[in-house]
>>> print(open('run14.csv').read())   # CSV, C-alpha atoms and all ligand atoms
chain,number,residue,atom,x,y,z
A,1,MET,CA,26.2,-35.0,-12.0
A,2,THR,CA,29.1,-32.8,-13.0
A,3,ARG,CA,32.6,-33.0,-11.4
A,4,THR,CA,35.0,-30.1,-10.9
A,5,PRO,CA,38.3,-31.0,-12.6
A,6,THR,CA,41.6,-30.8,-10.8
A,7,PRO,CA,45.1,-30.1,-12.1
A,8,GLN,CA,45.6,-33.9,-12.6
A,9,ASP,CA,42.8,-33.9,-15.2
A,10,GLY,CA,44.6,-31.8,-17.7
A,11,LEU,CA,45.2,-28.2,-18.8
A,12,CYS,CA,43.5,-25.0,-17.8
A,13,TRP,CA,43.2,-22.7,-20.8
A,14,ILE,CA,42.5,-19.0,-20.1
A,15,THR,CA,41.9,-16.3,-22.6
A,16,GLY,CA,42.6,-12.6,-21.9
A,17,ALA,CA,45.5,-13.5,-19.7
A,18,SER,CA,47.9,-10.7,-20.7
A,19,SER,CA,46.4,-8.3,-18.1
A,20,GLY,CA,43.9,-7.8,-15.3
A,21,ILE,CA,41.7,-10.6,-14.1
A,22,GLY,CA,43.1,-13.1,-16.6
A,23,GLU,CA,46.7,-12.5,-15.7
A,24,GLU,CA,46.1,-12.8,-12.0
A,25,THR,CA,44.0,-15.9,-12.4
A,26,ALA,CA,46.7,-17.6,-14.5
A,27,LEU,CA,49.3,-16.9,-11.8
A,28,ARG,CA,47.0,-18.2,-9.0
A,29,LEU,CA,46.1,-21.4,-10.8
A,30,ALA,CA,49.7,-22.1,-11.6
A,31,ALA,CA,50.5,-21.7,-7.9
A,32,GLU,CA,47.7,-24.2,-7.2
A,33,GLY,CA,49.4,-26.8,-9.5
A,34,TRP,CA,47.6,-26.2,-12.8
A,35,THR,CA,49.4,-26.2,-16.1
A,36,VAL,CA,47.9,-23.0,-17.4
A,37,VAL,CA,47.7,-22.1,-21.1
A,38,ALA,CA,47.6,-18.3,-21.3
A,39,SER,CA,46.1,-16.7,-24.4
A,40,ALA,CA,45.8,-13.0,-25.6
A,41,ARG,CA,47.1,-11.0,-28.5
A,42,ARG,CA,50.1,-9.4,-26.8
A,43,ALA,CA,52.6,-12.2,-27.0
A,44,ALA,CA,55.4,-10.4,-25.2
A,45,LEU,CA,53.2,-9.9,-22.1
A,46,LEU,CA,52.3,-13.6,-22.1
A,47,ASP,CA,56.0,-14.6,-22.2
A,48,GLU,CA,56.6,-12.3,-19.2
A,49,LEU,CA,53.7,-13.9,-17.4
A,50,ALA,CA,55.0,-17.4,-18.1
A,51,GLY,CA,58.3,-16.3,-16.5
A,52,LYS,CA,56.5,-15.0,-13.4
A,53,ALA,CA,54.7,-18.3,-12.7
A,54,LYS,CA,55.4,-19.9,-9.4
A,55,GLY,CA,55.1,-23.7,-9.1
A,56,PRO,CA,54.0,-26.4,-8.6
A,57,GLY,CA,52.2,-25.6,-11.9
A,58,ARG,CA,53.4,-23.5,-14.8
A,59,ILE,CA,52.2,-21.2,-17.5
A,60,ILE,CA,52.5,-21.8,-21.3
A,61,ALA,CA,52.2,-18.7,-23.5
A,62,ALA,CA,49.8,-19.3,-26.4
A,63,PRO,CA,49.1,-16.1,-28.3
A,64,LEU,CA,45.7,-15.9,-29.9
A,65,ASP,CA,43.2,-13.4,-31.3
A,66,VAL,CA,39.9,-14.9,-30.0
A,67,THR,CA,38.0,-13.4,-32.9
A,68,ASP,CA,39.8,-15.7,-35.3
A,69,LEU,CA,37.8,-19.0,-35.3
A,70,ALA,CA,40.3,-21.0,-37.5
A,71,ALA,CA,43.2,-19.9,-35.3
A,72,THR,CA,41.3,-20.8,-32.1
A,73,ARG,CA,40.4,-24.3,-33.4
A,74,ALA,CA,44.0,-24.9,-34.5
A,75,LEU,CA,45.4,-23.7,-31.2
A,76,VAL,CA,43.2,-26.1,-29.2
A,77,THR,CA,44.1,-29.0,-31.5
A,78,ARG,CA,47.8,-28.2,-31.1
A,79,LEU,CA,47.7,-27.8,-27.3
A,80,GLU,CA,45.9,-31.1,-26.8
A,81,ALA,CA,48.4,-32.9,-29.1
A,82,GLU,CA,51.4,-31.4,-27.4
A,83,HIS,CA,50.3,-31.0,-23.7
A,84,GLY,CA,47.3,-33.3,-23.2
A,85,PRO,CA,43.6,-32.7,-22.7
A,86,ILE,CA,42.0,-29.3,-21.7
A,87,ALA,CA,40.1,-29.9,-18.5
A,88,ARG,CA,39.1,-26.3,-17.7
A,89,VAL,CA,38.6,-23.3,-20.0
A,90,ILE,CA,38.1,-19.8,-18.7
A,91,LEU,CA,36.8,-17.6,-21.5
A,92,ASN,CA,37.7,-14.2,-20.1
A,93,ALA,CA,39.0,-12.1,-23.0
A,94,GLY,CA,37.0,-8.9,-23.3
A,95,THR,CA,36.9,-5.3,-24.2
A,96,TYR,CA,35.1,-2.2,-23.1
A,97,GLN,CA,34.8,1.1,-24.9
A,98,PRO,CA,32.4,3.5,-23.2
A,99,ASP,CA,29.8,4.5,-25.8
A,100,SER,CA,26.6,6.5,-26.0
A,101,ALA,CA,23.8,7.3,-28.4
A,102,ARG,CA,26.0,10.2,-29.7
A,103,THR,CA,29.1,8.2,-30.4
A,104,PHE,CA,27.3,5.0,-31.5
A,105,SER,CA,28.3,3.3,-34.7
A,106,ALA,CA,27.6,-0.2,-36.1
A,107,GLU,CA,31.4,-0.7,-36.5
A,108,SER,CA,32.3,0.0,-32.9
A,109,PHE,CA,29.4,-2.2,-31.7
A,110,ALA,CA,30.5,-5.0,-34.0
A,111,ALA,CA,34.1,-4.7,-32.7
A,112,THR,CA,33.0,-5.1,-29.1
A,113,HIS,CA,30.7,-8.0,-29.9
A,114,ALA,CA,33.4,-9.7,-32.0
A,115,ILE,CA,35.6,-10.1,-28.9
A,116,ASN,CA,33.0,-10.3,-26.0
A,117,VAL,CA,30.5,-12.5,-27.8
A,118,GLN,CA,32.0,-14.2,-30.9
A,119,GLY,CA,35.4,-14.6,-29.1
A,120,VAL,CA,33.7,-16.6,-26.3
A,121,ILE,CA,31.7,-18.6,-28.9
A,122,ASN,CA,34.9,-19.4,-30.8
A,123,GLY,CA,36.5,-20.8,-27.6
A,124,VAL,CA,33.4,-22.9,-26.8
A,125,ASP,CA,33.3,-24.2,-30.4
A,126,ALA,CA,37.0,-25.3,-30.2
A,127,VAL,CA,36.7,-27.2,-27.0
A,128,LEU,CA,33.2,-28.5,-26.9
A,129,PRO,CA,33.4,-31.6,-29.0
A,130,LYS,CA,36.4,-32.8,-27.1
A,131,LEU,CA,34.7,-32.3,-23.7
A,132,ILE,CA,31.5,-34.0,-24.8
A,133,GLU,CA,33.5,-36.9,-26.1
A,134,ARG,CA,35.3,-37.2,-22.7
A,135,LYS,CA,32.1,-36.6,-20.8
A,136,LYS,CA,33.9,-34.2,-18.4
A,137,GLY,CA,35.4,-30.7,-18.2
A,138,HIS,CA,34.7,-27.2,-17.0
A,139,ILE,CA,33.7,-24.2,-19.0
A,140,VAL,CA,33.9,-20.8,-17.3
A,141,ILE,CA,32.4,-17.8,-19.1
A,142,VAL,CA,33.3,-14.3,-17.9
A,143,SER,CA,30.4,-11.9,-18.4
A,144,SER,CA,29.5,-8.9,-16.2
A,145,VAL,CA,26.9,-7.5,-13.9
A,146,ALA,CA,26.5,-4.9,-16.8
A,147,GLY,CA,24.6,-7.6,-18.6
A,148,TYR,CA,21.8,-7.8,-16.0
A,149,ARG,CA,20.0,-4.7,-17.3
A,150,GLY,CA,20.5,-1.8,-19.8
A,151,LEU,CA,23.0,0.7,-18.3
A,152,PRO,CA,23.9,4.2,-19.6
A,153,ARG,CA,27.0,4.5,-21.8
A,154,ALA,CA,27.2,0.7,-22.3
A,155,LEU,CA,25.2,0.1,-25.5
A,156,ALA,CA,27.7,-2.4,-27.0
A,157,TYR,CA,29.3,-3.7,-23.8
A,158,GLY,CA,26.1,-4.3,-21.9
A,159,SER,CA,24.4,-6.0,-24.7
A,160,SER,CA,27.4,-8.2,-25.3
A,161,LYS,CA,27.5,-9.3,-21.7
A,162,ALA,CA,23.7,-9.9,-21.6
A,163,ALA,CA,24.1,-12.2,-24.5
A,164,MET,CA,26.8,-14.2,-22.7
A,165,ILE,CA,24.7,-14.5,-19.5
A,166,ASN,CA,21.8,-16.0,-21.6
A,167,PHE,CA,24.3,-18.2,-23.6
A,168,ALA,CA,25.9,-19.6,-20.4
A,169,GLU,CA,22.5,-20.4,-18.9
A,170,SER,CA,21.5,-22.2,-22.0
A,171,LEU,CA,24.8,-24.0,-22.3
A,172,LYS,CA,24.6,-25.2,-18.7
A,173,LEU,CA,21.2,-26.7,-19.3
A,174,ASP,CA,22.5,-28.6,-22.3
A,175,LEU,CA,25.8,-29.7,-20.8
A,176,ASP,CA,24.5,-30.9,-17.4
A,177,HIS,CA,23.5,-34.1,-19.2
A,178,HIS,CA,27.0,-34.6,-20.6
A,179,GLY,CA,28.9,-34.3,-17.2
A,180,ILE,CA,30.4,-30.9,-18.1
A,181,LYS,CA,30.3,-28.1,-15.6
A,182,VAL,CA,29.4,-24.6,-16.8
A,183,GLN,CA,29.9,-21.5,-14.6
A,184,LEU,CA,29.1,-17.9,-15.3
A,185,VAL,CA,31.3,-15.1,-13.8
A,186,ASN,CA,29.7,-11.7,-13.3
A,187,PRO,CA,32.1,-9.2,-11.8
A,188,GLY,CA,31.2,-5.7,-10.7
A,189,PHE,CA,33.9,-3.0,-10.9
A,190,ILE,CA,37.4,-4.5,-10.6
A,191,LYS,CA,40.6,-2.4,-10.8
A,192,THR,CA,42.2,-3.4,-14.1
A,193,PRO,CA,43.3,-1.6,-17.3
A,194,LEU,CA,39.7,-2.0,-18.5
A,195,THR,CA,38.2,0.1,-15.7
A,196,ASP,CA,41.2,2.5,-15.5
A,197,LYS,CA,39.7,4.4,-18.4
A,198,ASN,CA,36.4,5.1,-16.6
A,199,ASP,CA,35.9,8.8,-15.6
A,200,PHE,CA,32.9,8.1,-13.4
A,201,PRO,CA,32.7,6.9,-9.7
A,202,MET,CA,32.8,3.1,-9.6
A,203,PRO,CA,31.0,1.8,-6.5
A,204,PHE,CA,32.6,-1.0,-4.5
A,205,LEU,CA,35.7,-1.0,-6.9
A,206,MET,CA,37.6,-4.1,-5.9
A,207,PRO,CA,41.4,-4.8,-6.2
A,208,VAL,CA,42.1,-7.5,-8.8
A,209,ALA,CA,43.9,-9.8,-6.3
A,210,GLU,CA,40.8,-9.9,-4.1
A,211,ALA,CA,38.5,-10.5,-7.0
A,212,VAL,CA,40.6,-13.4,-8.2
A,213,SER,CA,40.7,-14.9,-4.7
A,214,VAL,CA,36.9,-15.3,-5.0
A,215,LEU,CA,37.0,-16.5,-8.5
A,216,VAL,CA,39.7,-19.2,-7.9
A,217,LYS,CA,37.9,-20.5,-4.8
A,218,GLU,CA,34.4,-20.5,-6.3
A,219,MET,CA,35.4,-22.3,-9.5
A,220,ASN,CA,35.9,-25.3,-7.2
A,221,GLU,CA,32.3,-24.9,-5.8
A,222,SER,CA,29.2,-26.2,-7.4
A,223,HIS,CA,27.1,-23.1,-7.9
A,224,PHE,CA,26.5,-21.6,-11.4
A,225,GLU,CA,27.1,-17.9,-10.9
A,226,ILE,CA,30.2,-16.4,-9.4
A,227,THR,CA,30.0,-12.7,-8.5
A,228,PHE,CA,32.4,-10.2,-6.8
A,229,PRO,CA,32.1,-7.9,-5.0
A,230,LYS,CA,29.1,-9.6,-3.5
A,231,THR,CA,27.3,-6.6,-2.1
A,232,PHE,CA,27.3,-4.7,-5.4
A,233,ALA,CA,26.3,-7.8,-7.4
A,234,PHE,CA,23.4,-8.4,-4.9
A,235,MET,CA,22.1,-4.9,-5.3
A,236,LEU,CA,22.2,-5.1,-9.1
A,237,GLN,CA,20.5,-8.6,-9.0
A,238,ARG,CA,17.6,-6.9,-7.2
A,239,LEU,CA,17.4,-4.2,-9.9
A,240,ARG,CA,16.8,-7.1,-12.4
A,241,CYS,CA,13.4,-7.8,-10.8
A,242,LEU,CA,12.1,-4.2,-10.9
A,243,PRO,CA,9.4,-3.3,-13.4
A,244,TYR,CA,10.6,-0.9,-16.1
A,245,VAL,CA,8.9,2.2,-14.8
A,246,LEU,CA,10.7,1.8,-11.4
A,247,TYR,CA,14.0,0.7,-13.0
A,248,PHE,CA,14.3,3.7,-15.4
A,249,THR,CA,13.3,6.2,-12.7
A,250,LEU,CA,16.0,4.9,-10.3
A,251,ALA,CA,18.6,4.5,-13.1
A,252,ARG,CA,18.1,8.2,-14.1
A,253,GLN,CA,18.7,9.3,-10.6
A,254,VAL,CA,21.8,7.2,-9.6
A,255,MET,CA,23.7,6.3,-12.8
A,256,PRO,CA,26.1,8.5,-14.8
A,257,LYS,CA,24.6,10.4,-17.7
B,301,LIG,N1,37.4,-5.0,-14.7
B,301,LIG,C1,36.1,-5.0,-14.5
B,301,LIG,O1,35.5,-4.2,-13.7
B,301,LIG,C2,35.2,-6.0,-15.1
B,301,LIG,C3,33.8,-6.0,-14.7
B,301,LIG,C4,33.0,-7.0,-15.3
B,301,LIG,C5,33.5,-7.8,-16.3
B,301,LIG,N2,34.8,-7.8,-16.6
B,301,LIG,C6,35.2,-8.7,-17.7
B,301,LIG,O2,36.4,-9.4,-17.2
B,301,LIG,C7,37.1,-9.8,-18.3
B,301,LIG,C8,38.6,-9.4,-18.1
B,301,LIG,O3,38.6,-8.0,-18.0
B,301,LIG,P1,39.8,-7.2,-17.3
B,301,LIG,O4,39.1,-6.2,-16.4
B,301,LIG,O5,40.8,-8.1,-16.7
B,301,LIG,O6,40.3,-6.3,-18.5
B,301,LIG,P2,41.8,-6.2,-19.1
B,301,LIG,O7,42.8,-6.0,-18.1
B,301,LIG,O8,41.6,-5.1,-20.2
B,301,LIG,O9,42.0,-7.6,-19.9
B,301,LIG,C9,41.3,-7.9,-21.0
B,301,LIG,C10,42.1,-9.1,-21.6
B,301,LIG,O10,41.4,-9.5,-22.8
B,301,LIG,C11,42.4,-9.7,-23.8
B,301,LIG,N3,41.8,-9.5,-25.2
B,301,LIG,C12,41.1,-8.4,-25.6
B,301,LIG,N4,40.8,-8.7,-26.9
B,301,LIG,C13,41.3,-9.9,-27.3
B,301,LIG,C14,41.3,-10.6,-28.5
B,301,LIG,N5,40.7,-10.2,-29.6
B,301,LIG,N6,41.9,-11.8,-28.5
B,301,LIG,C15,42.5,-12.3,-27.3
B,301,LIG,N7,42.5,-11.6,-26.2
B,301,LIG,C16,41.9,-10.4,-26.1
B,301,LIG,C17,43.4,-8.6,-23.5
B,301,LIG,O11,44.7,-9.0,-24.1
B,301,LIG,P3,45.3,-8.5,-25.5
B,301,LIG,O12,45.0,-7.0,-25.6
B,301,LIG,O13,46.8,-8.8,-25.3
B,301,LIG,O14,44.7,-9.3,-26.6
B,301,LIG,C18,43.5,-8.7,-22.0
B,301,LIG,O15,44.4,-9.8,-21.7
B,301,LIG,C19,36.5,-9.1,-19.6
B,301,LIG,O16,35.7,-10.0,-20.2
B,301,LIG,C20,35.7,-8.0,-18.9
B,301,LIG,O17,34.6,-7.6,-19.7
B,301,LIG,C21,35.7,-6.9,-16.1
>>> encode(input="run14.csv", output="structure tokens", more="lines below")
Ligand SMILES: NC(=O)c1ccc[n+]([C@@H]2O[C@H](COP(=O)([O-])OP(=O)(O)OC[C@H]3O[C@@H](n4cnc5c(N)ncnc54)[C@H](OP(=O)(O)O)[C@@H]3O)[C@@H](O)[C@H]2O)c1
Amino acid sequence: MTRTPTPQDGLCWITGASSGIGEETALRLAAEGWTVVASARRAALLDELAGKAKGPGRIIAAPLDVTDLAATRALVTRLEAEHGPIARVILNAGTYQPDSARTFSAESFAATHAINVQGVINGVDAVLPKLIERKKGHIVIVSSVAGYRGLPRALAYGSSKAAMINFAESLKLDLDHHGIKVQLVNPGFIKTPLTDKNDFPMPFLMPVAEAVSVLVKEMNESHFEITFPKTFAFMLQRLRCLPYVLYFTLARQVMPK
């Protein structure tokens, strides 16, 4: 049986905290009493974020490029030595560059996967032995509903998120025996700098504050998958069950070319 950690159990480390979902989540969790460690590459934004935190918790800025495994391991070791154990990790850092068969290149595919896949894996690598040793902790992996099925203009992004859905499922099955809670977050369209670059209609686009209210609440619940907005996620979950012939016919009609 896994237990949900509380602020008394230790730190909450969140990656991708310099903007969007990660930034808002860091602020909310600090207000709930967590000592939040906020990581991303843009150190100045993390310092600003730390200054904006409202108690009873606080935010510690910890710049990191999640693609750098050695730096990720070193950061986790330093954090635990200086501030105590990590009780919850939210692996949220991600990137999205719209692509298509015309613009496709192995380099841009690898750049997306380096952050969205290997960046998550590096974070898990750095914390996992410590959580297993302590037989407690909480790993939250932020993927996307874009990982449910192949979507147009999302060759690199969709495949990176599909990989993380499968990885989180597998990790949960392994870690249930160790008392470690694993949750998967699959957002739909949320208004952040990541979606601001989209030039197509985004159904059910949700303000980031609303999205993070769901995330923060459901991280304290026991179910595996956290989605928001619920209606859009529910619709896409149904598409997952369609046979290919029906899925491709529908996708051609309703999705951007
Ligand atoms: N917004 C949506 O509609 C939506 C939908 C589904 C899933 N998601 C997922 O939600 C997560 C957060 O996205 P968001 O919408 O909040 O986007 P965002 O505002 O663009 O935030 C992305 C965050 O990831 C960080 N990041 C990117 N590359 C990094 C690296 N190499 N090392 C460390 N940090 C890095 C960025 O910080 P720096 O640039 O400072 O490093 C930034 O803090 C992503 O995983 C995204 O795929 C978002």
>>> closest_residue(input="run14.csv", among="A:Tyr157, A:Trp34, A:Tyr244, A:Phe189", to="Gly20 (chain A)", atoms="only C-alpha atoms")
A:Phe189
>>> residues_near_ligand(input="run14.csv", ligand="ligand LIG 301 (chain B)", cutoff="6 Å", atoms="all atoms listed in the file", output="PyMOL selection string")
chain A and resi 15-22+40-42+64-67+92-95+115+142-144+187-195
>>> write_last_selection(input="run14.csv", atoms="C-alpha atoms", output="PDB file, in the frame of the given file")
ATOM      1  CA  THR A  15      41.900 -16.300 -22.600  1.00  0.00           C
ATOM      2  CA  GLY A  16      42.600 -12.600 -21.900  1.00  0.00           C
ATOM      3  CA  ALA A  17      45.500 -13.500 -19.700  1.00  0.00           C
ATOM      4  CA  SER A  18      47.900 -10.700 -20.700  1.00  0.00           C
ATOM      5  CA  SER A  19      46.400  -8.300 -18.100  1.00  0.00           C
ATOM      6  CA  GLY A  20      43.900  -7.800 -15.300  1.00  0.00           C
ATOM      7  CA  ILE A  21      41.700 -10.600 -14.100  1.00  0.00           C
ATOM      8  CA  GLY A  22      43.100 -13.100 -16.600  1.00  0.00           C
ATOM      9  CA  ALA A  40      45.800 -13.000 -25.600  1.00  0.00           C
ATOM     10  CA  ARG A  41      47.100 -11.000 -28.500  1.00  0.00           C
ATOM     11  CA  ARG A  42      50.100  -9.400 -26.800  1.00  0.00           C
ATOM     12  CA  LEU A  64      45.700 -15.900 -29.900  1.00  0.00           C
ATOM     13  CA  ASP A  65      43.200 -13.400 -31.300  1.00  0.00           C
ATOM     14  CA  VAL A  66      39.900 -14.900 -30.000  1.00  0.00           C
ATOM     15  CA  THR A  67      38.000 -13.400 -32.900  1.00  0.00           C
ATOM     16  CA  ASN A  92      37.700 -14.200 -20.100  1.00  0.00           C
ATOM     17  CA  ALA A  93      39.000 -12.100 -23.000  1.00  0.00           C
ATOM     18  CA  GLY A  94      37.000  -8.900 -23.300  1.00  0.00           C
ATOM     19  CA  THR A  95      36.900  -5.300 -24.200  1.00  0.00           C
ATOM     20  CA  ILE A 115      35.600 -10.100 -28.900  1.00  0.00           C
ATOM     21  CA  VAL A 142      33.300 -14.300 -17.900  1.00  0.00           C
ATOM     22  CA  SER A 143      30.400 -11.900 -18.400  1.00  0.00           C
ATOM     23  CA  SER A 144      29.500  -8.900 -16.200  1.00  0.00           C
ATOM     24  CA  PRO A 187      32.100  -9.200 -11.800  1.00  0.00           C
ATOM     25  CA  GLY A 188      31.200  -5.700 -10.700  1.00  0.00           C
ATOM     26  CA  PHE A 189      33.900  -3.000 -10.900  1.00  0.00           C
ATOM     27  CA  ILE A 190      37.400  -4.500 -10.600  1.00  0.00           C
ATOM     28  CA  LYS A 191      40.600  -2.400 -10.800  1.00  0.00           C
ATOM     29  CA  THR A 192      42.200  -3.400 -14.100  1.00  0.00           C
ATOM     30  CA  PRO A 193      43.300  -1.600 -17.300  1.00  0.00           C
ATOM     31  CA  LEU A 194      39.700  -2.000 -18.500  1.00  0.00           C
ATOM     32  CA  THR A 195      38.200   0.100 -15.700  1.00  0.00           C
TER      33      THR A 195
END
>>> residues_near_point(input="run14.csv", point="(34.3, -38.0, -13.1)", cutoff="10 Å", atoms="only C-alpha atoms", output="list of chain:residue names")
A:Met1, A:Thr2, A:Arg3, A:Thr4, A:Pro5, A:Asp9, A:Arg134, A:Lys135, A:Lys136, A:Gly137, A:Gly179, A:Ile180
>>> closest_residue(input="run14.csv", among="A:Glu169, A:Asp68, A:Asp174, A:Glu23", to="Gln118 (chain A)", atoms="only C-alpha atoms")
A:Asp68
>>> closest_atom_pairs(input="run14.csv", of="region 142-242 of chain A", to="region 101-106 of chain A", cutoff="9 Å", atoms="all atoms listed in the file", output="JSON lines")
{"residue": "A:Arg153", "atom": "CA", "partner": "A:Ala101", "partner_atom": "CA", "distance": 7.9}
{"residue": "A:Leu155", "atom": "CA", "partner": "A:Ala101", "partner_atom": "CA", "distance": 7.9}
{"residue": "A:Ala156", "atom": "CA", "partner": "A:Phe104", "partner_atom": "CA", "distance": 8.7}
>>> closest_residue(input="run14.csv", among="A:Gly123, A:Ala71, A:Phe228, A:Ile90", to="Ala209 (chain A)", atoms="all atoms listed in the file")
A:Phe228
>>> atom_distance(input="run14.csv", atom1="CA of Thr227 (chain A)", atom2="CA of Val117 (chain A)")
19.3 Å
>>> atom_distance(input="run14.csv", atom1="CA of Leu69 (chain A)", atom2="CA of Val216 (chain A)")
27.5 Å
>>> build_atoms(input="run14.csv", residues="region 134-151 of chain A", atoms="N, CA and C atoms", output="compact mmCIF listing (two decimals), in the frame of the given file")
# COMPACT_ATOMS: atom_id res chain seq x y z
N ARG A 134 34.71 -36.72 -23.98
CA ARG A 134 35.30 -37.20 -22.70
C ARG A 134 34.32 -37.26 -21.59
N LYS A 135 33.13 -36.63 -21.79
CA LYS A 135 32.10 -36.60 -20.80
C LYS A 135 32.57 -35.90 -19.47
N LYS A 136 33.49 -34.96 -19.61
CA LYS A 136 33.90 -34.20 -18.40
C LYS A 136 34.63 -32.92 -18.89
N GLY A 137 34.75 -32.00 -17.94
CA GLY A 137 35.40 -30.70 -18.20
C GLY A 137 34.63 -29.59 -17.59
N HIS A 138 35.19 -28.39 -17.74
CA HIS A 138 34.70 -27.20 -17.00
C HIS A 138 34.80 -26.00 -17.89
N ILE A 139 33.68 -25.38 -18.21
CA ILE A 139 33.70 -24.20 -19.00
C ILE A 139 33.26 -22.99 -18.14
N VAL A 140 34.13 -21.98 -18.08
CA VAL A 140 33.90 -20.80 -17.30
C VAL A 140 33.76 -19.59 -18.19
N ILE A 141 32.61 -18.93 -18.17
CA ILE A 141 32.40 -17.80 -19.10
C ILE A 141 32.36 -16.50 -18.26
N VAL A 142 33.26 -15.58 -18.60
CA VAL A 142 33.30 -14.30 -17.90
C VAL A 142 32.42 -13.29 -18.58
N SER A 143 31.34 -12.92 -17.90
CA SER A 143 30.40 -11.90 -18.40
C SER A 143 30.58 -10.66 -17.53
N SER A 144 29.46 -10.09 -17.06
CA SER A 144 29.50 -8.90 -16.20
C SER A 144 28.16 -8.60 -15.63
N VAL A 145 28.15 -7.95 -14.47
CA VAL A 145 26.90 -7.50 -13.90
C VAL A 145 26.25 -6.45 -14.88
N ALA A 146 27.05 -5.87 -15.77
CA ALA A 146 26.50 -4.90 -16.80
C ALA A 146 25.58 -5.59 -17.73
N GLY A 147 25.55 -6.92 -17.73
CA GLY A 147 24.60 -7.60 -18.60
C GLY A 147 23.26 -7.87 -17.99
N TYR A 148 23.10 -7.53 -16.70
CA TYR A 148 21.80 -7.80 -16.00
C TYR A 148 20.69 -6.91 -16.63
N ARG A 149 20.99 -5.61 -16.79
CA ARG A 149 20.00 -4.70 -17.30
C ARG A 149 20.70 -3.61 -18.15
N GLY A 150 19.96 -2.92 -19.00
CA GLY A 150 20.50 -1.80 -19.80
C GLY A 150 21.08 -0.74 -18.91
N LEU A 151 22.34 -0.35 -19.14
CA LEU A 151 23.00 0.70 -18.30
C LEU A 151 23.34 1.87 -19.27
